[in-house]
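Student: Here you go, one structure.
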Amino acid sequence: MNKRIEELAEQAGNKRINDYYTNGTVTAFTDIQLQKFAELIIGECADIATMNQHQWEPVGLYVLNHFGVE
């Protein structure tokens with residue numbers, strides 16, 4: 001998982017995000033944590049789009065690269 005996504009999950013209140021990948025323990029977000037996580041990701045995408053709006057490449061590529069998504 002991308003380091004930045006892990007950091008956003010922790011900011012949203014999920015302290016056990018790595019358990020999905022280490023020992024199979026399922027850790028679920030509460031509704032409030034899930035809402036906060038989504039808001040953090042959307043906010044970060046908006047920031048990236050604003051900072052790169054005048055670049056030649058599509059803004060979507062910057063967002064994908066920022067989060068390490070292929």
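FYI, nothing fancy with the structure tokens labels: chains A, B, ... in order, residues from 1 per chain, ligands from 1 as they appear.
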With a distance cut-off of 10 Å and only C-alpha atoms, select the neighbouring residues of Leu61 (chain A), excluding the residue or stretch itself and same-chain residues fewer than 5 positions from it, and output the selection as a list in words.
Tutor: Ala49, His66, Val69 and Glu70 of chain A
Student: Can I get the selected residues back with C-alpha atoms, as a compact mmCIF listing (two decimals), in the first residue's frame?
Tutor:
# COMPACT_ATOMS: atom_id res chain seq x y z
CA ALA A 49 -5.21 19.25 -9.13
CA HIS A 66 1.05 10.75 -6.13
CA VAL A 69 -1.63 3.83 -8.57
CA GLU A 70 -0.87 2.35 -12.00
Student: Excluding same-chain residues fewer than 6 positions from Phe67 (chain A), what lies within 10 Å of it counting only C-alpha atoms, as a PyMOL selection string?
Tutor: chain A and resi 1-5+41+44-45
Student: Which is closest to Phe37 (chain A) among A:Glu6, A:Pro58, A:Asn52, A:Leu64, if we use only C-alpha atoms?
Tutor: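 Distance minimum relative to Phe37 (chain A) lands on A:Glu6.
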Student: So how many Å separate CA of Asp31 (chain A) and CA of Ala12 (chain A), to one decimal?
Tutor: 10.7 Å
